[in-house]
Structure formats: structure tokens, C-alpha cells
>>> print(open('data36.cif').read())   # mmCIF, C-alpha atoms
data_my_file
#
loop_
_atom_site.group_PDB
_atom_site.id
_atom_site.type_symbol
_atom_site.label_atom_id
_atom_site.label_comp_id
_atom_site.auth_asym_id
_atom_site.auth_seq_id
_atom_site.Cartn_x
_atom_site.Cartn_y
_atom_site.Cartn_z
ATOM 1 C CA MET X 46 4.049 -24.913 0.920
ATOM 2 C CA THR X 47 6.980 -22.718 -0.081
ATOM 3 C CA LYS X 48 10.435 -22.386 1.443
ATOM 4 C CA SER X 49 9.282 -19.335 3.443
ATOM 5 C CA ASP X 50 6.306 -21.316 4.819
ATOM 6 C CA LEU X 51 8.725 -24.080 5.810
ATOM 7 C CA ILE X 52 11.035 -21.576 7.533
ATOM 8 C CA GLN X 53 8.050 -20.139 9.430
ATOM 9 C CA LYS X 54 6.963 -23.623 10.585
ATOM 10 C CA ILE X 55 10.448 -24.421 11.876
ATOM 11 C CA ALA X 56 10.511 -21.005 13.584
ATOM 12 C CA ASP X 57 7.196 -21.778 15.337
ATOM 13 C CA ARG X 58 8.750 -24.963 16.741
ATOM 14 C CA ASN X 59 11.932 -23.168 17.830
ATOM 15 C CA PRO X 60 11.006 -19.858 19.482
ATOM 16 C CA HIS X 61 14.524 -19.585 20.958
ATOM 17 C CA LEU X 62 16.132 -19.212 17.499
ATOM 18 C CA TYR X 63 16.222 -16.089 15.318
ATOM 19 C CA LEU X 64 14.338 -16.227 12.030
ATOM 20 C CA ARG X 65 17.547 -15.372 10.129
ATOM 21 C CA ASP X 66 19.233 -18.393 11.732
ATOM 22 C CA ILE X 67 16.350 -20.653 10.693
ATOM 23 C CA GLU X 68 16.717 -19.316 7.145
ATOM 24 C CA LYS X 69 20.395 -20.216 7.274
ATOM 25 C CA ILE X 70 19.611 -23.689 8.661
ATOM 26 C CA VAL X 71 17.096 -24.478 5.914
ATOM 27 C CA ASN X 72 19.373 -23.073 3.190
ATOM 28 C CA THR X 73 22.369 -25.015 4.527
ATOM 29 C CA ILE X 74 20.406 -28.281 4.371
ATOM 30 C CA PHE X 75 19.366 -27.796 0.731
ATOM 31 C CA ASP X 76 22.821 -26.448 -0.229
ATOM 32 C CA GLU X 77 24.433 -29.579 1.226
ATOM 33 C CA ILE X 78 22.087 -31.802 -0.781
ATOM 34 C CA THR X 79 22.804 -29.745 -3.924
ATOM 35 C CA ASP X 80 26.585 -29.986 -3.361
ATOM 36 C CA ALA X 81 26.365 -33.736 -2.856
ATOM 37 C CA LEU X 82 24.397 -34.236 -6.079
ATOM 38 C CA ALA X 83 26.752 -31.886 -7.970
ATOM 39 C CA ASP X 84 29.629 -34.139 -6.818
ATOM 40 C CA GLY X 85 27.753 -37.168 -8.115
ATOM 41 C CA ASN X 86 26.901 -38.458 -4.651
ATOM 42 C CA ARG X 87 23.684 -39.956 -3.387
ATOM 43 C CA VAL X 88 21.617 -38.484 -0.532
ATOM 44 C CA GLU X 89 19.575 -40.887 1.539
ATOM 45 C CA LEU X 90 17.070 -39.496 4.039
ATOM 46 C CA ARG X 91 15.617 -42.488 5.832
ATOM 47 C CA GLY X 92 11.809 -42.400 5.910
ATOM 48 C CA PHE X 93 11.611 -39.439 3.530
ATOM 49 C CA GLY X 94 13.381 -40.561 0.376
ATOM 50 C CA ALA X 95 16.625 -40.693 -1.555
ATOM 51 C CA PHE X 96 18.119 -38.412 -4.195
ATOM 52 C CA SER X 97 20.446 -39.979 -6.729
ATOM 53 C CA VAL X 98 22.155 -38.909 -9.943
ATOM 54 C CA LYS X 99 21.259 -40.401 -13.318
ATOM 55 C CA HIS X 100 23.491 -39.878 -16.314
ATOM 56 C CA ARG X 101 22.052 -39.324 -19.754
ATOM 57 C CA ASP X 102 24.306 -39.918 -22.755
ATOM 58 C CA ALA X 103 24.631 -37.362 -25.524
ATOM 59 C CA ARG X 104 22.087 -38.022 -28.257
ATOM 60 C CA ILE X 105 20.697 -36.609 -31.447
ATOM 61 C CA GLY X 106 17.389 -35.007 -30.611
ATOM 62 C CA ARG X 107 14.782 -33.653 -32.941
ATOM 63 C CA ASN X 108 12.747 -30.502 -32.779
ATOM 64 C CA PRO X 109 9.245 -31.994 -32.839
ATOM 65 C CA ARG X 110 7.834 -28.957 -34.617
ATOM 66 C CA THR X 111 10.354 -28.595 -37.442
ATOM 67 C CA GLY X 112 11.815 -32.114 -37.550
ATOM 68 C CA GLU X 113 15.291 -30.554 -37.399
ATOM 69 C CA SER X 114 18.083 -32.623 -35.751
ATOM 70 C CA VAL X 115 19.853 -31.114 -32.773
ATOM 71 C CA GLN X 116 22.784 -32.388 -30.766
ATOM 72 C CA VAL X 117 21.776 -32.898 -27.110
ATOM 73 C CA GLU X 118 24.771 -32.987 -24.766
ATOM 74 C CA ALA X 119 25.337 -35.652 -22.126
ATOM 75 C CA LYS X 120 23.929 -34.540 -18.790
ATOM 76 C CA SER X 121 23.315 -35.541 -15.205
ATOM 77 C CA MET X 122 19.807 -35.476 -13.794
ATOM 78 C CA PRO X 123 18.669 -35.723 -10.190
ATOM 79 C CA PHE X 124 16.249 -38.514 -9.405
ATOM 80 C CA PHE X 125 14.124 -38.788 -6.255
ATOM 81 C CA LYS X 126 12.690 -42.007 -4.896
ATOM 82 C CA THR X 127 10.091 -41.608 -2.159
ATOM 83 C CA GLY X 128 10.916 -43.425 1.086
ATOM 84 C CA LYS X 129 8.735 -46.237 2.381
ATOM 85 C CA ALA X 130 7.358 -44.391 5.427
ATOM 86 C CA LEU X 131 6.376 -41.307 3.411
ATOM 87 C CA ARG X 132 4.907 -43.397 0.570
ATOM 88 C CA GLU X 133 2.742 -45.272 3.050
ATOM 89 C CA ARG X 134 1.662 -42.040 4.727
ATOM 90 C CA LEU X 135 0.654 -40.504 1.400
ATOM 91 C CA ASN X 136 -1.548 -43.519 0.813
ATOM 92 C CA GLY X 137 -3.223 -43.451 4.194
ATOM 93 C CA GLU X 138 -1.431 -46.478 5.551
ATOM 94 C CA ASP X 139 -0.029 -46.400 9.032
ATOM 95 C CA ALA X 140 3.701 -45.766 8.899
ATOM 96 C CA MET B 153 36.557 -39.758 -6.501
ATOM 97 C CA SER B 154 34.283 -42.609 -5.490
ATOM 98 C CA GLU B 155 30.595 -42.146 -4.899
ATOM 99 C CA GLN B 156 29.430 -41.469 -1.360
ATOM 100 C CA THR B 157 26.067 -41.553 0.362
ATOM 101 C CA ILE B 158 25.108 -38.486 2.360
ATOM 102 C CA THR B 159 22.695 -39.060 5.231
ATOM 103 C CA ARG B 160 20.778 -37.068 7.832
ATOM 104 C CA ALA B 161 23.847 -37.310 10.081
ATOM 105 C CA ASP B 162 25.976 -35.502 7.459
ATOM 106 C CA LEU B 163 23.386 -32.734 7.127
ATOM 107 C CA ALA B 164 23.304 -32.358 10.925
ATOM 108 C CA ASP B 165 27.094 -32.215 10.883
ATOM 109 C CA ALA B 166 26.974 -29.300 8.420
ATOM 110 C CA LEU B 167 24.636 -27.375 10.760
ATOM 111 C CA TYR B 168 26.914 -28.144 13.698
ATOM 112 C CA HIS B 169 29.983 -26.830 11.855
ATOM 113 C CA GLU B 170 28.456 -23.903 9.986
ATOM 114 C CA LEU B 171 26.046 -22.557 12.593
ATOM 115 C CA GLY B 172 27.628 -23.645 15.851
ATOM 116 C CA LEU B 173 24.481 -25.380 17.077
ATOM 117 C CA SER B 174 24.827 -28.357 19.396
ATOM 118 C CA ARG B 175 24.984 -31.785 17.753
ATOM 119 C CA ASN B 176 21.661 -32.731 19.316
ATOM 120 C CA GLU B 177 19.874 -29.609 18.169
ATOM 121 C CA SER B 178 21.397 -29.912 14.678
ATOM 122 C CA ALA B 179 20.033 -33.444 14.340
ATOM 123 C CA GLU B 180 16.596 -32.353 15.602
ATOM 124 C CA LEU B 181 16.454 -29.462 13.138
ATOM 125 C CA VAL B 182 17.302 -31.722 10.186
ATOM 126 C CA ASP B 183 14.537 -34.114 11.274
ATOM 127 C CA SER B 184 12.029 -31.291 11.729
ATOM 128 C CA VAL B 185 12.657 -29.931 8.221
ATOM 129 C CA PHE B 186 11.785 -33.266 6.597
ATOM 130 C CA GLU B 187 8.922 -33.811 9.044
ATOM 131 C CA GLU B 188 7.327 -30.489 8.088
ATOM 132 C CA ILE B 189 7.713 -31.269 4.379
ATOM 133 C CA SER B 190 6.211 -34.747 4.917
ATOM 134 C CA ASP B 191 3.313 -33.297 6.943
ATOM 135 C CA ALA B 192 2.481 -30.794 4.205
ATOM 136 C CA LEU B 193 2.554 -33.549 1.556
ATOM 137 C CA ALA B 194 0.432 -35.862 3.716
ATOM 138 C CA GLU B 195 -2.148 -33.072 3.896
ATOM 139 C CA GLY B 196 -2.193 -32.938 0.109
ATOM 140 C CA ASP B 197 -0.071 -29.805 -0.244
ATOM 141 C CA ASN B 198 2.657 -29.594 -2.904
ATOM 142 C CA VAL B 199 5.987 -28.306 -1.604
ATOM 143 C CA LYS B 200 8.211 -25.874 -3.501
ATOM 144 C CA ILE B 201 11.714 -25.138 -2.246
ATOM 145 C CA SER B 202 12.954 -22.240 -4.377
ATOM 146 C CA SER B 203 16.368 -22.766 -6.049
ATOM 147 C CA PHE B 204 16.183 -26.494 -5.139
ATOM 148 C CA GLY B 205 13.054 -28.059 -6.590
ATOM 149 C CA SER B 206 9.446 -28.991 -6.007
ATOM 150 C CA PHE B 207 7.641 -32.039 -4.662
ATOM 151 C CA THR B 208 4.358 -32.614 -6.449
ATOM 152 C CA LEU B 209 1.645 -35.134 -5.619
ATOM 153 C CA ARG B 210 0.064 -37.109 -8.468
ATOM 154 C CA GLU B 211 -3.060 -39.215 -8.198
ATOM 155 C CA LYS B 212 -2.811 -42.489 -10.131
ATOM 156 C CA LYS B 213 -5.947 -44.339 -11.193
ATOM 157 C CA GLU B 214 -6.300 -48.093 -10.918
ATOM 158 C CA ARG B 215 -4.633 -49.941 -13.782
ATOM 159 C CA ILE B 216 -3.880 -53.523 -14.729
ATOM 160 C CA GLY B 217 -0.336 -54.625 -14.091
ATOM 161 C CA ARG B 218 1.375 -57.907 -14.759
ATOM 162 C CA ASN B 219 3.727 -59.953 -12.652
ATOM 163 C CA PRO B 220 6.776 -59.975 -14.940
ATOM 164 C CA LYS B 221 7.865 -63.374 -13.679
ATOM 165 C CA THR B 222 4.585 -65.288 -13.895
ATOM 166 C CA GLY B 223 2.699 -63.173 -16.453
ATOM 167 C CA VAL B 224 -0.352 -63.103 -14.152
ATOM 168 C CA GLU B 225 -2.441 -59.932 -14.479
ATOM 169 C CA VAL B 226 -3.163 -58.086 -11.249
ATOM 170 C CA PRO B 227 -5.003 -54.826 -10.631
ATOM 171 C CA ILE B 228 -2.746 -52.041 -9.297
ATOM 172 C CA SER B 229 -4.786 -50.040 -6.789
ATOM 173 C CA PRO B 230 -5.227 -46.278 -7.175
ATOM 174 C CA ARG B 231 -2.495 -44.445 -5.304
ATOM 175 C CA THR B 232 -0.811 -41.129 -4.636
ATOM 176 C CA VAL B 233 2.745 -40.811 -5.876
ATOM 177 C CA LEU B 234 5.288 -38.115 -5.169
ATOM 178 C CA VAL B 235 7.252 -36.587 -8.032
ATOM 179 C CA PHE B 236 10.343 -34.411 -7.551
ATOM 180 C CA ARG B 237 11.198 -31.789 -10.171
ATOM 181 C CA ALA B 238 14.597 -30.169 -9.830
ATOM 182 C CA SER B 239 14.854 -26.397 -10.238
ATOM 183 C CA HIS B 240 16.961 -25.100 -13.140
ATOM 184 C CA ILE B 241 19.532 -23.949 -10.555
ATOM 185 C CA LEU B 242 19.992 -27.498 -9.245
ATOM 186 C CA LYS B 243 20.161 -28.891 -12.790
ATOM 187 C CA GLU B 244 22.789 -26.305 -13.728
ATOM 188 C CA ARG B 245 24.848 -27.058 -10.623
ATOM 189 C CA MET B 246 24.847 -30.741 -11.578
ATOM 190 C CA ASN B 247 26.101 -30.028 -15.085
ATOM 191 C CA GLU B 248 28.744 -27.340 -14.668
ATOM 192 C CA ASN B 249 31.650 -29.833 -14.531
#
>>> encode(input="data36.cif", output="C-alpha cells")
Amino acid sequence: MTKSDLIQKIADRNPHLYLRDIEKIVNTIFDEITDALADGNRVELRGFGAFSVKHRDARIGRNPRTGESVQVEAKSMPFFKTGKALRERLNGEDA
Amino acid sequence: MSEQTITRADLADALYHELGLSRNESAELVDSVFEEISDALAEGDNVKISSFGSFTLREKKERIGRNPKTGVEVPISPRTVLVFRASHILKERMNEN
């Protein structure tokens, strides 16, 4: 499923809304999550899952092909933990 | 700035403020977005949200685990796990200081 498929599904459930408004709704939701993570905040969507930020320290990496050392900068990475209800659903348990 | 937790209510609030939808409808739309994504995943479909990231299903085979406290070996049943991969746009946004 792509973002356009998702927008179409929401549109099917909401015939009173314009498609361009649904696009804006879906984009706003993912922009808000992106902004929160960019600010170092956590996003918790009960039943679905939680996005958090993990920090990786700067380190000396190595090019595995040439063995050359390279400086890898410190960075923040998003991390997603699947929520209980979704995890159970994916494994055929009643949620 | 101290760390905050953003919830469904905050996302609904953003729809209410930015799109002028009612609070009720905003909350329902937030729920329906994550419901549709969950439904697709439950049907075995991977979900790709461009410029955000993708949710990919992985099938794990049975393996032997160990209770770290007691050291007792127990079989871990085969299961489906969900992996999120952030798009390069999201990763860049998180590292632009």
C-alpha cells in the first residue's frame, strides 16, 4: 500500500470530503510526526506503535571493501516499536 | 527543551487547527489513517508512505531463546514482526540541527 492508496481508502470512507483535503489530512499527520521526531520528541499511537529517537555517537567507521577508516558523525535515528494490539493482529491473535 | 510525547490527540489537534475540521472528525480521521495502515499490514501488505518511511513485514522462524534470569532454554514460536525504515527525508530532518 502506498500513500496514494491510503489517501484513496480514507476518501472512500469520507465521501463528503474533497480528495485534496484528504491529501492534506494525511500529509499533516505524517508532517506532525516528522516534526516531533526532528525536535527529539516521542510519538505514541496507542494500539499501533510508538516512534522514538535514538542517538548514535560519532565513531570511526571502516569501508568494508578498502579497509579505509572514515569518521562517522553523531546522528539521530528514528526507532519504531510495534504496539501490542497490532503485534497481536499480525500474529493472528485476537486483539 | 524537555522531551515530550505526542499522541493521537495532538495529531487530531493539528487537523483541527490547520484544516478547520471539527474536533470529533479530526480525531476520527487520525484513527482511520492508522486503522487503514493496520488493516493493510494485517492482510500481509507492506506499507510505504513516501517522504516518511515504510513498514515492512518480516517472517521469523522458530528459534531457541533463553530466559536471561533462569538460563532455561525455551522455543520462541515463529512470528511476524513489523520493521519501520525511515525515508532519507525523515532521516535528514532529524539530523539538520
>>> closest_residue(input="data36.cif", among="X:Asn136, X:Asn72, X:Gln116, X:Asn59", to="chain B", atoms="only C-alpha atoms")
X:Asn136
>>> residues_near_point(input="data36.cif", point="(18.8, -33.6, -9.7)", cutoff="6 Å", atoms="all atoms listed in the file", output="list of chain:residue names")
X:Met122, X:Pro123, X:Phe124, B:Ala238, B:Lys243
>>> write_last_selection(input="data36.cif", atoms="C-alpha atoms", output="PDB file, keeping the file's coordinate frame")
ATOM      1  CA  MET X 122      19.807 -35.476 -13.794  1.00  0.00           C
ATOM      2  CA  PRO X 123      18.669 -35.723 -10.190  1.00  0.00           C
ATOM      3  CA  PHE X 124      16.249 -38.514  -9.405  1.00  0.00           C
TER       4      PHE X 124
ATOM      5  CA  ALA B 238      14.597 -30.169  -9.830  1.00  0.00           C
ATOM      6  CA  LYS B 243      20.161 -28.891 -12.790  1.00  0.00           C
TER       7      LYS B 243
END
>>> closest_atom_pairs(input="data36.cif", of="chain B", to="chain X", cutoff="8 Å", atoms="all atoms listed in the file", output="JSON lines")
{"residue": "B:Glu155", "atom": "CA", "partner": "X:Asn86", "partner_atom": "CA", "distance": 5.2}
{"residue": "B:Gln156", "atom": "CA", "partner": "X:Asn86", "partner_atom": "CA", "distance": 5.1}
{"residue": "B:Thr157", "atom": "CA", "partner": "X:Arg87", "partner_atom": "CA", "distance": 4.7}
{"residue": "B:Ile158", "atom": "CA", "partner": "X:Val88", "partner_atom": "CA", "distance": 4.5}
{"residue": "B:Thr159", "atom": "CA", "partner": "X:Glu89", "partner_atom": "CA", "distance": 5.2}
{"residue": "B:Arg160", "atom": "CA", "partner": "X:Leu90", "partner_atom": "CA", "distance": 5.8}
{"residue": "B:Leu163", "atom": "CA", "partner": "X:Ile74", "partner_atom": "CA", "distance": 6.0}
{"residue": "B:Ala166", "atom": "CA", "partner": "X:Thr73", "partner_atom": "CA", "distance": 7.4}
{"residue": "B:Leu167", "atom": "CA", "partner": "X:Ile70", "partner_atom": "CA", "distance": 6.6}
{"residue": "B:Leu171", "atom": "CA", "partner": "X:Ile70", "partner_atom": "CA", "distance": 7.6}
{"residue": "B:Leu181", "atom": "CA", "partner": "X:Ile55", "partner_atom": "CA", "distance": 7.9}
{"residue": "B:Val182", "atom": "CA", "partner": "X:Ile74", "partner_atom": "CA", "distance": 7.4}
{"residue": "B:Ser184", "atom": "CA", "partner": "X:Ile55", "partner_atom": "CA", "distance": 7.1}
{"residue": "B:Val185", "atom": "CA", "partner": "X:Ile55", "partner_atom": "CA", "distance": 7.0}
{"residue": "B:Phe186", "atom": "CA", "partner": "X:Phe93", "partner_atom": "CA", "distance": 6.9}
{"residue": "B:Glu188", "atom": "CA", "partner": "X:Leu51", "partner_atom": "CA", "distance": 6.9}
{"residue": "B:Ile189", "atom": "CA", "partner": "X:Leu51", "partner_atom": "CA", "distance": 7.4}
{"residue": "B:Ser190", "atom": "CA", "partner": "X:Leu131", "partner_atom": "CA", "distance": 6.7}
{"residue": "B:Ala192", "atom": "CA", "partner": "X:Met46", "partner_atom": "CA", "distance": 6.9}
{"residue": "B:Leu193", "atom": "CA", "partner": "X:Leu135", "partner_atom": "CA", "distance": 7.2}
{"residue": "B:Ala194", "atom": "CA", "partner": "X:Leu135", "partner_atom": "CA", "distance": 5.2}
{"residue": "B:Asp197", "atom": "CA", "partner": "X:Met46", "partner_atom": "CA", "distance": 6.5}
{"residue": "B:Asn198", "atom": "CA", "partner": "X:Met46", "partner_atom": "CA", "distance": 6.2}
{"residue": "B:Val199", "atom": "CA", "partner": "X:Met46", "partner_atom": "CA", "distance": 4.7}
{"residue": "B:Lys200", "atom": "CA", "partner": "X:Thr47", "partner_atom": "CA", "distance": 4.8}
{"residue": "B:Ile201", "atom": "CA", "partner": "X:Lys48", "partner_atom": "CA", "distance": 4.8}
{"residue": "B:Ser202", "atom": "CA", "partner": "X:Lys48", "partner_atom": "CA", "distance": 6.3}
{"residue": "B:Phe204", "atom": "CA", "partner": "X:Phe75", "partner_atom": "CA", "distance": 6.8}
{"residue": "B:Arg231", "atom": "CA", "partner": "X:Asn136", "partner_atom": "CA", "distance": 6.3}
{"residue": "B:Thr232", "atom": "CA", "partner": "X:Asn136", "partner_atom": "CA", "distance": 6.0}
{"residue": "B:Val233", "atom": "CA", "partner": "X:Arg132", "partner_atom": "CA", "distance": 7.3}
{"residue": "B:Leu234", "atom": "CA", "partner": "X:Thr127", "partner_atom": "CA", "distance": 6.7}
{"residue": "B:Val235", "atom": "CA", "partner": "X:Phe125", "partner_atom": "CA", "distance": 7.4}
{"residue": "B:Phe236", "atom": "CA", "partner": "X:Phe125", "partner_atom": "CA", "distance": 5.9}
{"residue": "B:Ala238", "atom": "CA", "partner": "X:Pro123", "partner_atom": "CA", "distance": 6.9}
{"residue": "B:Leu242", "atom": "CA", "partner": "X:Thr79", "partner_atom": "CA", "distance": 6.4}
{"residue": "B:Lys243", "atom": "CA", "partner": "X:Met122", "partner_atom": "CA", "distance": 6.7}
{"residue": "B:Arg245", "atom": "CA", "partner": "X:Ala83", "partner_atom": "CA", "distance": 5.8}
{"residue": "B:Met246", "atom": "CA", "partner": "X:Ala83", "partner_atom": "CA", "distance": 4.2}
{"residue": "B:Asn247", "atom": "CA", "partner": "X:Ser121", "partner_atom": "CA", "distance": 6.2}
>>> resolve_selection(input="data36.cif", expression="the PyMOL selection byres ((chain X and resi 115) around 6)", output="NGL selection string")
:X and (105-107 or 114 or 116)
>>> atom_distance(input="data36.cif", atom1="atom CA of His61 of chain X", atom2="atom CA of Ala161 of chain B")
22.8 Å
>>> atom_distance(input="data36.cif", atom1="atom CA of Gln53 of chain X", atom2="atom CA of Ile241 of chain B")
23.4 Å
>>> resolve_selection(input="data36.cif", expression="the PyMOL selection byres ((chain B and resi 228) around 10)", output="NGL selection string")
:B and (212-218 or 225-227 or 229-231)
>>> axis_aligned_box(input="data36.cif", around="segment 187-197 of chain B", padding_each_side="3 Å", output="AutoDock Vina command-line options")
--center_x 3.4 --center_y -32.8 --center_z 4.4 --size_x 17.1 --size_y 12.1 --size_z 15.3
>>> build_atoms(input="data36.cif", residues="segment 204-223 of chain B", atoms="N, CA and C atoms", output="PDB file, keeping the file's coordinate frame")
ATOM      1  N   PHE B 204      15.875 -25.069  -5.296  1.00  0.00           N
ATOM      2  CA  PHE B 204      16.183 -26.494  -5.139  1.00  0.00           C
ATOM      3  C   PHE B 204      15.273 -27.336  -6.041  1.00  0.00           C
ATOM      4  N   GLY B 205      13.986 -27.298  -5.763  1.00  0.00           N
ATOM      5  CA  GLY B 205      13.054 -28.059  -6.590  1.00  0.00           C
ATOM      6  C   GLY B 205      11.694 -28.163  -5.930  1.00  0.00           C
ATOM      7  N   SER B 206      10.778 -28.869  -6.583  1.00  0.00           N
ATOM      8  CA  SER B 206       9.446 -28.991  -6.007  1.00  0.00           C
ATOM      9  C   SER B 206       9.007 -30.443  -5.927  1.00  0.00           C
ATOM     10  N   PHE B 207       8.210 -30.715  -4.894  1.00  0.00           N
ATOM     11  CA  PHE B 207       7.641 -32.039  -4.662  1.00  0.00           C
ATOM     12  C   PHE B 207       6.161 -31.936  -4.982  1.00  0.00           C
ATOM     13  N   THR B 208       5.730 -32.703  -5.981  1.00  0.00           N
ATOM     14  CA  THR B 208       4.358 -32.614  -6.449  1.00  0.00           C
ATOM     15  C   THR B 208       3.658 -33.957  -6.288  1.00  0.00           C
ATOM     16  N   LEU B 209       2.434 -33.904  -5.792  1.00  0.00           N
ATOM     17  CA  LEU B 209       1.645 -35.134  -5.619  1.00  0.00           C
ATOM     18  C   LEU B 209       0.876 -35.430  -6.896  1.00  0.00           C
ATOM     19  N   ARG B 210       0.850 -36.694  -7.297  1.00  0.00           N
ATOM     20  CA  ARG B 210       0.064 -37.109  -8.468  1.00  0.00           C
ATOM     21  C   ARG B 210      -0.851 -38.249  -8.051  1.00  0.00           C
ATOM     22  N   GLU B 211      -2.105 -38.145  -8.474  1.00  0.00           N
ATOM     23  CA  GLU B 211      -3.060 -39.215  -8.198  1.00  0.00           C
ATOM     24  C   GLU B 211      -3.055 -40.187  -9.369  1.00  0.00           C
ATOM     25  N   LYS B 212      -2.805 -41.474  -9.074  1.00  0.00           N
ATOM     26  CA  LYS B 212      -2.811 -42.489 -10.131  1.00  0.00           C
ATOM     27  C   LYS B 212      -4.094 -43.300 -10.032  1.00  0.00           C
ATOM     28  N   LYS B 213      -4.730 -43.515 -11.172  1.00  0.00           N
ATOM     29  CA  LYS B 213      -5.947 -44.339 -11.193  1.00  0.00           C
ATOM     30  C   LYS B 213      -5.566 -45.817 -11.152  1.00  0.00           C
ATOM     31  N   GLU B 214      -6.572 -46.654 -10.892  1.00  0.00           N
ATOM     32  CA  GLU B 214      -6.300 -48.093 -10.918  1.00  0.00           C
ATOM     33  C   GLU B 214      -5.938 -48.517 -12.343  1.00  0.00           C
ATOM     34  N   ARG B 215      -4.975 -49.419 -12.460  1.00  0.00           N
ATOM     35  CA  ARG B 215      -4.633 -49.941 -13.782  1.00  0.00           C
ATOM     36  C   ARG B 215      -4.269 -51.418 -13.635  1.00  0.00           C
ATOM     37  N   ILE B 216      -4.203 -52.101 -14.768  1.00  0.00           N
ATOM     38  CA  ILE B 216      -3.880 -53.523 -14.729  1.00  0.00           C
ATOM     39  C   ILE B 216      -2.376 -53.687 -14.929  1.00  0.00           C
ATOM     40  N   GLY B 217      -1.756 -54.340 -13.973  1.00  0.00           N
ATOM     41  CA  GLY B 217      -0.336 -54.625 -14.091  1.00  0.00           C
ATOM     42  C   GLY B 217      -0.146 -56.109 -14.336  1.00  0.00           C
ATOM     43  N   ARG B 218       1.094 -56.507 -14.477  1.00  0.00           N
ATOM     44  CA  ARG B 218       1.375 -57.907 -14.759  1.00  0.00           C
ATOM     45  C   ARG B 218       2.618 -58.303 -13.966  1.00  0.00           C
ATOM     46  N   ASN B 219       2.539 -59.439 -13.330  1.00  0.00           N
ATOM     47  CA  ASN B 219       3.727 -59.953 -12.652  1.00  0.00           C
ATOM     48  C   ASN B 219       4.708 -60.379 -13.743  1.00  0.00           C
ATOM     49  N   PRO B 220       5.864 -59.697 -13.814  1.00  0.00           N
ATOM     50  CA  PRO B 220       6.776 -59.975 -14.940  1.00  0.00           C
ATOM     51  C   PRO B 220       7.327 -61.398 -14.921  1.00  0.00           C
ATOM     52  N   LYS B 221       7.314 -62.028 -13.775  1.00  0.00           N
ATOM     53  CA  LYS B 221       7.865 -63.374 -13.679  1.00  0.00           C
ATOM     54  C   LYS B 221       6.835 -64.425 -14.109  1.00  0.00           C
ATOM     55  N   THR B 222       5.590 -64.264 -13.631  1.00  0.00           N
ATOM     56  CA  THR B 222       4.585 -65.288 -13.895  1.00  0.00           C
ATOM     57  C   THR B 222       3.634 -64.905 -15.026  1.00  0.00           C
ATOM     58  N   GLY B 223       3.607 -63.598 -15.396  1.00  0.00           N
ATOM     59  CA  GLY B 223       2.699 -63.173 -16.453  1.00  0.00           C
ATOM     60  C   GLY B 223       1.263 -63.012 -15.986  1.00  0.00           C
TER      61      GLY B 223
END
